[in-house]
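Heads up: the structure comes next, in structure tokens.
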Amino acid sequence: MSGLKIEGFKSSNVLGALGAAFEHLSEAEKKAQIKKANGIFELRIKNDEDKEAVWTIDMKKTGTVYAGPAKSKPDVTIILSDDTFTSLADGKLDGQKAFMTGKLKTRGNMMLATKLDGVLKSAKTKAKL
């Protein structure tokens with residue numbers, strides 16, 4: 001999962017652990033996660049230096065995480081800061097609160113964005129994020 005790490009982004013450590021957790025899921029567990037989320041999440045994350053990196057969580061077809069824009073059209077694009085994403089992943093910040101306070105923006109299926117919390121939490125139980 002070294003391909004997920006991008007210098008200067010704390011989020012890349014979280015996404016690397018998330019990708020590793022997905023890799024260790026059995027096919028049945030992966031299918032259950034895909035059925036639950038059923039969407040492609042494109043994450044556009046900006047760090048403190050105002051640089052943007054993009055990762056995709058495919059919970060529609062493959063159950064994988066990869067660096068770069070979605071290979072097919074994302075169902076939702078989530079735009080947020082590095083600190084906001086790590087706070088979400090740590091459970092210190094609620095996704096809806098982040099959205100309401102302007103720390104998180106979405107394009108596409110906004111309701112699907114609410115499922116990202118569940119994806120992060122389920123992976124957190126598999127790999128200590």
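Identifiers for the structure tokens are assigned positionally: chains receive A, B, ... in sequence, residues are indexed from 1 per chain, and ligands are indexed from 1 in the order shown.
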
- Message: DSSP on the backbone: which residues in chain A end up as strand (DSSP E or B)? Give the answer as number ranges by chain.
- Response: A: 39-46, 52-59, 64-67, 76-81, 104-108

Same residues, N, CA, C and O atoms, saved as a compact mmCIF listing (two decimals), in the first residue's frame:
# COMPACT_ATOMS: atom_id res chain seq x y z
N GLY A 39 -20.80 2.72 -3.38
CA GLY A 39 -20.46 3.99 -4.03
C GLY A 39 -18.97 4.16 -4.22
O GLY A 39 -18.16 3.48 -3.60
N ILE A 40 -18.63 5.09 -5.10
CA ILE A 40 -17.23 5.44 -5.33
C ILE A 40 -17.02 6.83 -4.74
O ILE A 40 -17.68 7.80 -5.14
N PHE A 41 -16.12 6.89 -3.75
CA PHE A 41 -15.81 8.13 -3.05
C PHE A 41 -14.49 8.68 -3.59
O PHE A 41 -13.47 7.99 -3.51
N GLU A 42 -14.51 9.88 -4.10
CA GLU A 42 -13.27 10.53 -4.51
C GLU A 42 -12.96 11.58 -3.44
O GLU A 42 -13.78 12.46 -3.17
N LEU A 43 -11.78 11.46 -2.83
CA LEU A 43 -11.38 12.38 -1.77
C LEU A 43 -10.37 13.37 -2.32
O LEU A 43 -9.33 12.97 -2.84
N ARG A 44 -10.68 14.64 -2.22
CA ARG A 44 -9.76 15.71 -2.63
C ARG A 44 -9.34 16.40 -1.34
O ARG A 44 -10.13 17.10 -0.72
N ILE A 45 -8.08 16.16 -0.96
CA ILE A 45 -7.59 16.61 0.34
C ILE A 45 -6.47 17.62 0.16
O ILE A 45 -5.53 17.38 -0.58
N LYS A 46 -6.61 18.76 0.86
CA LYS A 46 -5.58 19.80 0.82
C LYS A 46 -4.81 19.79 2.13
O LYS A 46 -5.40 19.68 3.20
N GLU A 52 -2.97 19.86 -3.13
CA GLU A 52 -4.09 18.92 -3.15
C GLU A 52 -3.62 17.55 -3.63
O GLU A 52 -2.83 17.43 -4.55
N ALA A 53 -4.12 16.53 -2.95
CA ALA A 53 -3.90 15.15 -3.38
C ALA A 53 -5.28 14.49 -3.49
O ALA A 53 -6.23 14.89 -2.82
N VAL A 54 -5.37 13.50 -4.36
CA VAL A 54 -6.65 12.83 -4.62
C VAL A 54 -6.50 11.33 -4.38
O VAL A 54 -5.52 10.72 -4.83
N TRP A 55 -7.44 10.77 -3.66
CA TRP A 55 -7.53 9.33 -3.46
C TRP A 55 -8.96 8.90 -3.77
O TRP A 55 -9.89 9.69 -3.69
N THR A 56 -9.11 7.64 -4.13
CA THR A 56 -10.43 7.10 -4.41
C THR A 56 -10.65 5.85 -3.58
O THR A 56 -9.78 4.99 -3.48
N ILE A 57 -11.82 5.79 -2.96
CA ILE A 57 -12.25 4.59 -2.25
C ILE A 57 -13.39 4.00 -3.09
O ILE A 57 -14.46 4.60 -3.19
N ASP A 58 -13.13 2.86 -3.71
CA ASP A 58 -14.12 2.21 -4.57
C ASP A 58 -14.88 1.17 -3.75
O ASP A 58 -14.39 0.07 -3.53
N MET A 59 -16.04 1.55 -3.27
CA MET A 59 -16.88 0.62 -2.52
C MET A 59 -18.14 0.30 -3.34
O MET A 59 -19.22 0.13 -2.82
N THR A 64 -11.55 -1.31 -2.99
CA THR A 64 -10.14 -0.93 -2.90
C THR A 64 -9.99 0.57 -2.68
O THR A 64 -10.93 1.34 -2.88
N VAL A 65 -8.77 0.94 -2.29
CA VAL A 65 -8.39 2.35 -2.15
C VAL A 65 -7.19 2.56 -3.06
O VAL A 65 -6.29 1.73 -3.09
N TYR A 66 -7.19 3.64 -3.82
CA TYR A 66 -6.02 3.93 -4.65
C TYR A 66 -5.80 5.44 -4.74
O TYR A 66 -6.72 6.23 -4.54
N ALA A 67 -4.56 5.81 -4.99
CA ALA A 67 -4.21 7.22 -5.17
C ALA A 67 -4.62 7.65 -6.57
O ALA A 67 -4.49 6.89 -7.52
N VAL A 76 -19.61 10.40 -5.41
CA VAL A 76 -19.49 11.61 -4.60
C VAL A 76 -18.02 12.01 -4.52
O VAL A 76 -17.14 11.17 -4.42
N THR A 77 -17.77 13.30 -4.62
CA THR A 77 -16.44 13.86 -4.42
C THR A 77 -16.49 14.62 -3.11
O THR A 77 -17.39 15.45 -2.90
N ILE A 78 -15.55 14.31 -2.24
CA ILE A 78 -15.50 14.95 -0.93
C ILE A 78 -14.25 15.81 -0.88
O ILE A 78 -13.15 15.32 -1.12
N ILE A 79 -14.43 17.08 -0.57
CA ILE A 79 -13.33 18.04 -0.56
C ILE A 79 -13.15 18.51 0.89
O ILE A 79 -14.09 19.01 1.51
N LEU A 80 -11.93 18.31 1.41
CA LEU A 80 -11.67 18.65 2.81
C LEU A 80 -10.18 18.82 3.05
O LEU A 80 -9.37 18.51 2.19
N SER A 81 -9.85 19.29 4.23
CA SER A 81 -8.43 19.48 4.58
C SER A 81 -7.86 18.19 5.15
O SER A 81 -8.60 17.29 5.59
N LEU A 104 -16.08 20.42 5.30
CA LEU A 104 -16.18 19.35 4.32
C LEU A 104 -17.20 19.78 3.27
O LEU A 104 -18.28 20.25 3.62
N LYS A 105 -16.83 19.65 2.01
CA LYS A 105 -17.74 19.99 0.92
C LYS A 105 -17.92 18.75 0.06
O LYS A 105 -17.03 17.90 -0.02
N THR A 106 -19.07 18.66 -0.59
CA THR A 106 -19.33 17.51 -1.45
C THR A 106 -19.81 17.97 -2.82
O THR A 106 -20.38 19.04 -2.97
N ARG A 107 -19.55 17.09 -3.80
CA ARG A 107 -20.12 17.22 -5.14
C ARG A 107 -20.69 15.86 -5.48
O ARG A 107 -20.03 14.84 -5.27
N GLY A 108 -21.87 15.84 -6.01
CA GLY A 108 -22.49 14.56 -6.35
C GLY A 108 -23.48 14.14 -5.27
O GLY A 108 -24.15 14.98 -4.68

- Would you list the contacts of A:Ile34 as number ranges by chain, taking every protein, DNA or RNA residue within 8 Å and counting only C-alpha atoms, but skipping same-chain residues closer than 6 positions in sequence? A: 59-63

- Item | Interatomic distance (Å, one decimal) between atom CA of A:Asp50 and atom CA of A:Asp82 |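 Answer for the atom CA of A:Asp50 to atom CA of A:Asp82 separation: 9.9 Å.
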
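Compared by their closest atoms to A:Met111, and using only C-alpha atoms, the residues A:Glu49, A:Glu27, A:Glu7, A:Asp75 rank with A:Asp75 nearest.
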
- Query: For A:Lys36, which of A:Lys121, A:Lys115, A:Lys51, A:Lys71 is the closest residue, counting only C-alpha atoms?
  - Reply: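 Counting only C-alpha atoms, the residue closest to A:Lys36 is A:Lys115.
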
- Message: Which of stretch 8-112 of chain A end up as helix (DSSP H, G or I) when DSSP is run on this backbone - answer as a count of residues only?
- Response: 42

- Non-local contacts of A:Lys10 (9 Å; only C-alpha atoms; under 6 positions in same chain excluded) as a PyMOL selection string: chain A and resi 47+82-83+85-86

Would you write out those residues with all heavy atoms, as an mmCIF file, in the first residue's frame?
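The file below, result-v1.cif, is the result:
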data_model
loop_
_atom_site.group_PDB
_atom_site.id
_atom_site.type_symbol
_atom_site.label_atom_id
_atom_site.label_comp_id
_atom_site.auth_asym_id
_atom_site.auth_seq_id
_atom_site.Cartn_x
_atom_site.Cartn_y
_atom_site.Cartn_z
ATOM 1 N N ASN A 47 -3.483 19.918 2.023
ATOM 2 C CA ASN A 47 -2.660 19.967 3.232
ATOM 3 C C ASN A 47 -2.392 21.414 3.641
ATOM 4 O O ASN A 47 -2.906 22.353 3.030
ATOM 5 C CB ASN A 47 -1.362 19.164 3.057
ATOM 6 C CG ASN A 47 -0.407 19.771 2.045
ATOM 7 O OD1 ASN A 47 -0.621 20.859 1.535
ATOM 8 N ND2 ASN A 47 0.658 19.044 1.762
ATOM 9 N N ASP A 82 -6.561 18.120 5.167
ATOM 10 C CA ASP A 82 -5.836 16.982 5.728
ATOM 11 C C ASP A 82 -6.229 16.768 7.190
ATOM 12 O O ASP A 82 -6.523 15.652 7.616
ATOM 13 C CB ASP A 82 -4.336 17.266 5.592
ATOM 14 C CG ASP A 82 -3.477 16.017 5.628
ATOM 15 O OD1 ASP A 82 -3.999 14.916 5.378
ATOM 16 O OD2 ASP A 82 -2.274 16.153 5.895
ATOM 17 N N ASP A 83 -6.252 17.862 7.963
ATOM 18 C CA ASP A 83 -6.602 17.774 9.388
ATOM 19 C C ASP A 83 -8.044 17.301 9.582
ATOM 20 O O ASP A 83 -8.323 16.502 10.476
ATOM 21 C CB ASP A 83 -6.403 19.126 10.079
ATOM 22 C CG ASP A 83 -4.938 19.483 10.228
ATOM 23 O OD1 ASP A 83 -4.086 18.572 10.292
ATOM 24 O OD2 ASP A 83 -4.629 20.690 10.272
ATOM 25 N N PHE A 85 -9.818 15.384 7.555
ATOM 26 C CA PHE A 85 -9.921 13.957 7.245
ATOM 27 C C PHE A 85 -9.362 13.103 8.376
ATOM 28 O O PHE A 85 -9.977 12.115 8.768
ATOM 29 C CB PHE A 85 -9.211 13.607 5.931
ATOM 30 C CG PHE A 85 -9.354 12.151 5.593
ATOM 31 C CD1 PHE A 85 -10.530 11.663 5.056
ATOM 32 C CD2 PHE A 85 -8.332 11.252 5.850
ATOM 33 C CE1 PHE A 85 -10.691 10.311 4.771
ATOM 34 C CE2 PHE A 85 -8.474 9.906 5.574
ATOM 35 C CZ PHE A 85 -9.660 9.438 5.032
ATOM 36 N N THR A 86 -8.210 13.483 8.916
ATOM 37 C CA THR A 86 -7.631 12.673 9.995
ATOM 38 C C THR A 86 -8.523 12.726 11.240
ATOM 39 O O THR A 86 -8.661 11.726 11.927
ATOM 40 C CB THR A 86 -6.180 13.087 10.333
ATOM 41 O OG1 THR A 86 -6.125 14.482 10.567
ATOM 42 C CG2 THR A 86 -5.229 12.725 9.208
#

- Counting only C-alpha atoms, closest pick from A:Asn38, A:Asn13, A:Ser122, A:Ser26 relative to A:Gly91 is A:Ser122

- Hey, what's within 10 Å of A:Gln96 if we count only C-alpha atoms and toss same-chain stuff fewer than 6 positions away? As a ChimeraX atom specification, please? /A:102-104,113-114,117

Dump N, CA, C and O atoms for the selected residues as a tab-separated table (two decimals), in the first residue's frame?
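See out.tsv below for the written result:
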chain	number	residue	atom	x	y	z
A	102	GLY	N	-18.74	23.76	7.25
A	102	GLY	CA	-17.99	24.14	6.06
A	102	GLY	C	-16.60	23.52	5.95
A	102	GLY	O	-15.84	23.85	5.06
A	103	LYS	N	-16.27	22.60	6.85
A	103	LYS	CA	-14.96	21.94	6.81
A	103	LYS	C	-14.91	20.85	5.76
A	103	LYS	O	-13.84	20.38	5.39
A	104	LEU	N	-16.08	20.42	5.30
A	104	LEU	CA	-16.18	19.35	4.32
A	104	LEU	C	-17.20	19.78	3.27
A	104	LEU	O	-18.28	20.25	3.62
A	113	ALA	N	-22.11	10.51	0.88
A	113	ALA	CA	-20.99	11.00	1.69
A	113	ALA	C	-21.17	10.63	3.16
A	113	ALA	O	-20.19	10.41	3.86
A	114	THR	N	-22.42	10.53	3.61
A	114	THR	CA	-22.66	10.17	5.01
A	114	THR	C	-22.22	8.74	5.30
A	114	THR	O	-21.98	8.39	6.45
A	117	ASP	N	-18.33	7.72	6.94
A	117	ASP	CA	-18.09	7.45	8.36
A	117	ASP	C	-18.13	5.95	8.64
A	117	ASP	O	-17.27	5.41	9.32

- Mind giving me the straight-line distance from atom CA of A:Leu15 to atom CA of A:Thr84 in Å, one decimal?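 Distance reported for this atom pair: 13.6 Å.
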